[in-house]
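Q: Below you'll find the structure I mean.
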Amino acid sequence: MKKLSELLEKLEYTLEQGSTDIDIDSLVYDNRKVKEGSLFVCIEGTQFDGHTVAAQSAMNGAVAVVVAKTVKVPEGTTVIRVENTRYALAFLSAAWFGYPAESLTTIGVTGTKGKTTTTYLVKSILENAGRKVGLVGTIESIIGDEHYPAGNTTPESYVLQETFAKMVEAGLDTVVMEVSSQGLMLHRTQGFIFDYGIFTNIEPDHIGPGEHTDFDDYMRCKGLLFKQCVTGIANGDDAHFEKVTQGHTCRLETYGFGEGCDYRAGDVKLINGGGHLGVEFKVSGKVGMDAVLNMPGRFSVYNALCAIAICDHFGASVDDISAALTEAKVKGRIELVKVSDEFSLMIDYAHNAMALESLLTTLREYEPGRLVCLFGCGGNRSKLRRYEMGEVSGRLADLTIITSDNPRFEEPQDIINDIKIGIGKTDGEYVEICDRKSAIKYAIEHGRKGDVIVLAGKGHEDYQEIKGVKNHMDERELIAEVLEELNA
């Protein structure tokens, strides 16, 4: 229980009705969870506006409502008027949980690509250096030994503050989290200041109804992080660096390959052999070291360099960093799975044309005997994605294995037929094997010396959605079953 006046202490508001000297038993933004003594925050979403149920919430027990519009509620209900209720919810949530971010060193990572890998690398390095680190991201939230599946990349502000509070209670001292443009736009990360705000890169994405109006809006929202952190660390090589960091209020540092960057990478060498792909490079500038990373590609160098720049602020030693980079593995992000000394196989989340093109282009640099790409596309989604992914794979892969992904309420063969339309625009070879396990078995059984095989689209997901039912399906388990069958 808290006094309403305490919860409002960091907010600008107008008291339109009632008193702030009242006890609050719960903070709620879902009207279905309102109970006696609740403070109900009226959130306006794309499908539902909480203002329309303000009166009903009061009758269900809410003693106060927070609004941005005029509402009619029973006379005894306190009405707090704010400019933006999502913004208000973030500050109210921080106050409700006792400002837990003040007890943590907070690191927020934003960007189109690389957020997930960078957060796991940072967690690994800092833990090697003796920190107790929590993580909030696309795949999961991690608090000590507990792993919680993620709903959104950046949770709603109430959930985020609740997560921070659990981290403090568990004795953690640091949190590294992915910060989506949607999360910034919807004020989910308000209510505290990040100690470190990180920018990886930006490309046109998340543009459309319910997301960003255009690329400029997308960049503007990404840039909000640099007005909500003490120290900013940004990719100085990114073409949109100036635009994203424009108007920043933080101390700003850069990383990249460019001479002007504070943390620089150079002398990159690709590692390929024994069914393994990786990269080694030299780091100069504020940190000097030789780095080896068991992940392939130039973009992996950016992710590792970014992690090094962050961890330098924590006094992480070269030995700590080197050990963590060697051990680092991110589920479903260019995740190498050892199946043979003759060829390499990996799992990656690339589930649109842009991500798939970036991945296959990177793997091409390793000059594989053949580049084999296995993928499908989700049902009840844009057919354009299927055409585009088919065309990308047909153009860049030596062999495409078309299979099923999450067909949802569509027939898998219909989705495969759409992908074939895209491949038909190229000269690329392909086979179609609808059952995903059978497709994986084909890829492994027909692997040749020097091949690089990528299973794309599922990544960290451990299910396949068919006719509204999520059936357990983890590609790592499928690979193990296939190997057992082939060995038998």
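Ligands are numbered from 1 in the order shown, residues from 1 within each chain, and chains are lettered A, B, ... in the order they appear in the structure tokens.
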Just want the 12 Å neighbourhood of Pro155 (chain A), counted on only C-alpha atoms, with same-chain residues fewer than 5 positions away dropped. Output as a short mmCIF file (atom, residue, chain, number, x, y, z; two decimals) with N, CA and C atoms, in the first residue's frame.
A:
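selection_16.cif was written with the following content:
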data_model
loop_
_atom_site.label_atom_id
_atom_site.label_comp_id
_atom_site.auth_asym_id
_atom_site.auth_seq_id
_atom_site.Cartn_x
_atom_site.Cartn_y
_atom_site.Cartn_z
N ALA A 90 4.76 4.93 -16.50
CA ALA A 90 6.16 4.60 -16.27
C ALA A 90 6.65 5.16 -14.94
N VAL A 136 17.09 -8.34 -20.00
CA VAL A 136 15.72 -8.19 -20.50
C VAL A 136 15.81 -8.08 -22.02
N GLY A 137 15.15 -9.00 -22.75
CA GLY A 137 15.31 -8.94 -24.20
C GLY A 137 14.24 -9.66 -24.98
N THR A 138 14.48 -9.78 -26.27
CA THR A 138 13.54 -10.37 -27.21
C THR A 138 13.26 -11.84 -26.89
N ILE A 139 14.29 -12.56 -26.49
CA ILE A 139 14.14 -13.99 -26.23
C ILE A 139 13.57 -14.25 -24.85
N GLU A 140 14.11 -13.56 -23.85
CA GLU A 140 13.76 -13.87 -22.47
C GLU A 140 14.23 -12.77 -21.54
N SER A 141 13.76 -12.84 -20.30
CA SER A 141 14.34 -12.09 -19.20
C SER A 141 15.06 -13.09 -18.31
N PRO A 149 10.25 -16.43 -20.49
CA PRO A 149 10.03 -16.10 -21.91
C PRO A 149 9.52 -14.67 -22.08
N ALA A 150 9.95 -14.01 -23.15
CA ALA A 150 9.59 -12.61 -23.38
C ALA A 150 8.27 -12.49 -24.12
N LEU A 160 8.37 -3.90 -16.61
CA LEU A 160 9.81 -3.62 -16.58
C LEU A 160 10.25 -3.25 -15.16
N GLN A 161 9.50 -2.36 -14.52
CA GLN A 161 9.86 -1.96 -13.15
C GLN A 161 9.73 -3.13 -12.18
N GLU A 162 8.72 -3.96 -12.39
CA GLU A 162 8.55 -5.16 -11.56
C GLU A 162 9.75 -6.10 -11.73
N THR A 163 10.23 -6.22 -12.98
CA THR A 163 11.39 -7.06 -13.27
C THR A 163 12.64 -6.50 -12.58
N PHE A 164 12.82 -5.18 -12.67
CA PHE A 164 13.94 -4.54 -11.98
C PHE A 164 13.89 -4.83 -10.48
N MET A 177 19.61 -4.53 -21.22
CA MET A 177 18.31 -4.79 -21.83
C MET A 177 18.23 -4.26 -23.25
N GLU A 178 17.43 -4.94 -24.05
CA GLU A 178 17.12 -4.45 -25.38
C GLU A 178 16.05 -3.36 -25.27
N VAL A 179 16.25 -2.29 -26.02
CA VAL A 179 15.30 -1.18 -26.01
C VAL A 179 14.79 -1.00 -27.44
N SER A 180 13.55 -1.36 -27.67
CA SER A 180 12.98 -1.25 -29.01
C SER A 180 12.52 0.18 -29.28
N GLN A 182 9.67 0.90 -30.46
CA GLN A 182 8.31 0.94 -29.93
C GLN A 182 8.31 1.22 -28.44
N GLY A 183 9.24 0.59 -27.73
CA GLY A 183 9.36 0.80 -26.30
C GLY A 183 9.66 2.26 -25.97
N LEU A 184 10.53 2.88 -26.77
CA LEU A 184 10.86 4.29 -26.56
C LEU A 184 9.68 5.18 -26.93
N LEU A 186 6.54 4.47 -26.89
CA LEU A 186 5.43 4.29 -25.96
C LEU A 186 5.84 4.52 -24.50
N HIS A 187 7.01 5.12 -24.29
CA HIS A 187 7.46 5.56 -22.95
C HIS A 187 7.65 4.41 -21.96
N ARG A 188 7.90 3.20 -22.46
CA ARG A 188 8.06 2.07 -21.54
C ARG A 188 9.32 2.17 -20.69
N THR A 189 10.30 2.93 -21.18
CA THR A 189 11.57 3.04 -20.44
C THR A 189 11.70 4.37 -19.72
N GLN A 190 10.60 5.09 -19.53
CA GLN A 190 10.64 6.30 -18.72
C GLN A 190 10.61 5.92 -17.24
#
Q: List as CSV every residue of region 149-222 of chain A that is in contact with region 104-125 of chain A, defined as an atom at most 7 Å from one of its atoms (using only C-alpha atoms), together with the nearest atom pair and the distance in Å rounded to one decimal, sorted by chain and then rising number.
A:
residue,atom,partner,partner_atom,distance
A:Asp173,CA,A:Leu104,CA,4.9
A:Thr174,CA,A:Thr105,CA,4.6
A:Val175,CA,A:Thr106,CA,5.2
A:Val176,CA,A:Ile107,CA,4.6
A:Met177,CA,A:Gly108,CA,5.1
A:Glu178,CA,A:Val109,CA,4.9
A:Val179,CA,A:Thr110,CA,4.9
A:Ser180,CA,A:Thr110,CA,5.9
A:Phe194,CA,A:Thr106,CA,5.2
A:Asp195,CA,A:Thr106,CA,5.2
A:Tyr196,CA,A:Ile107,CA,4.7
A:Gly197,CA,A:Gly108,CA,4.9
A:Ile198,CA,A:Val109,CA,4.5
A:Phe199,CA,A:Thr110,CA,5.1
A:Thr200,CA,A:Gly111,CA,4.9
A:Asn201,CA,A:Gly111,CA,5.0
A:Ile202,CA,A:Thr112,CA,4.9
A:Glu203,CA,A:Thr112,CA,6.1
A:Lys222,CA,A:Thr110,CA,6.7
Q: Do a neighbour search on region 67-76 of chain A at 7 Å with only C-alpha atoms, toss out local chain neighbours closer than 4 positions, and write the hits as a compact mmCIF listing (two decimals) with C-alpha atoms, in the first residue's frame.
A:
# COMPACT_ATOMS: atom_id res chain seq x y z
CA GLY A 18 -10.99 14.15 -5.11
CA VAL A 41 -4.35 4.26 -15.45
CA CYS A 42 -6.37 4.79 -18.63
CA HIS A 51 -10.80 5.96 -20.86
CA ALA A 54 -12.97 4.67 -16.35
CA ALA A 55 -16.43 4.87 -14.77
CA ALA A 58 -14.42 3.14 -10.39
CA ILE A 80 -5.64 12.83 -11.96
CA ARG A 81 -5.17 14.54 -15.34
CA VAL A 82 -1.82 14.15 -17.15
CA GLU A 83 -0.59 14.94 -20.65
CA ASN A 84 0.22 11.31 -21.55
CA THR A 85 -0.97 8.32 -19.54
Q: Find the spatial neighbours of Gly457 (chain A), counting only C-alpha atoms, within a cut-off of 12 Å - ignore same-chain residues fewer than 2 positions away - and output them as a PyMOL selection string.
A: chain A and resi 332-334+346-353+355-356+359+373-378+386+389+402-406+436+454-455+459-464+475
Q: Keeping only C-alpha atoms, take the residues you just selected and write them out as a short mmCIF file (atom, residue, chain, number, x, y, z; two decimals), in the first residue's frame.
A:
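Writing the result to result_34.cif gives the following:
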data_model
loop_
_atom_site.label_atom_id
_atom_site.label_comp_id
_atom_site.auth_asym_id
_atom_site.auth_seq_id
_atom_site.Cartn_x
_atom_site.Cartn_y
_atom_site.Cartn_z
CA GLY A 332 19.09 -18.66 -32.38
CA ARG A 333 21.49 -15.92 -33.44
CA ILE A 334 24.08 -17.38 -35.86
CA MET A 346 23.94 -23.00 -37.82
CA ILE A 347 20.54 -21.80 -36.63
CA ASP A 348 19.51 -18.17 -37.13
CA TYR A 349 16.37 -16.13 -36.56
CA ALA A 350 16.54 -14.40 -39.99
CA HIS A 351 12.84 -14.31 -40.82
CA ASN A 352 12.58 -11.52 -43.37
CA ALA A 353 14.36 -10.67 -46.63
CA ALA A 355 17.89 -10.23 -42.35
CA LEU A 356 18.29 -13.22 -44.66
CA LEU A 359 23.16 -13.36 -43.18
CA CYS A 373 19.72 -22.23 -46.91
CA LEU A 374 16.76 -24.00 -45.30
CA PHE A 375 13.74 -21.86 -44.46
CA GLY A 376 9.98 -21.43 -44.59
CA CYS A 377 7.63 -18.51 -43.98
CA GLY A 378 4.87 -17.83 -41.48
CA ARG A 386 7.58 -15.01 -49.06
CA MET A 389 12.81 -14.30 -49.09
CA ILE A 402 12.03 -24.87 -48.74
CA THR A 403 10.12 -26.17 -45.75
CA SER A 404 7.47 -25.24 -43.20
CA ASP A 405 7.79 -22.55 -40.53
CA ASN A 406 4.69 -21.53 -38.53
CA ARG A 436 10.83 -29.47 -41.15
CA VAL A 454 21.91 -22.36 -42.28
CA LEU A 455 18.50 -23.16 -40.79
CA GLY A 459 16.03 -19.15 -34.26
CA HIS A 460 15.25 -19.22 -30.53
CA GLU A 461 11.64 -20.33 -31.03
CA ASP A 462 10.90 -23.80 -29.66
CA TYR A 463 7.46 -24.31 -31.18
CA GLN A 464 5.60 -24.63 -34.47
CA GLU A 475 15.56 -27.36 -34.02
#
Q: What does the distance between CA of Lys338 (chain A) and CA of His276 (chain A) come to in Å, to one decimal place?
A: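 Interatomic distance, CA of Lys338 (chain A) to CA of His276 (chain A): 7.6 Å.
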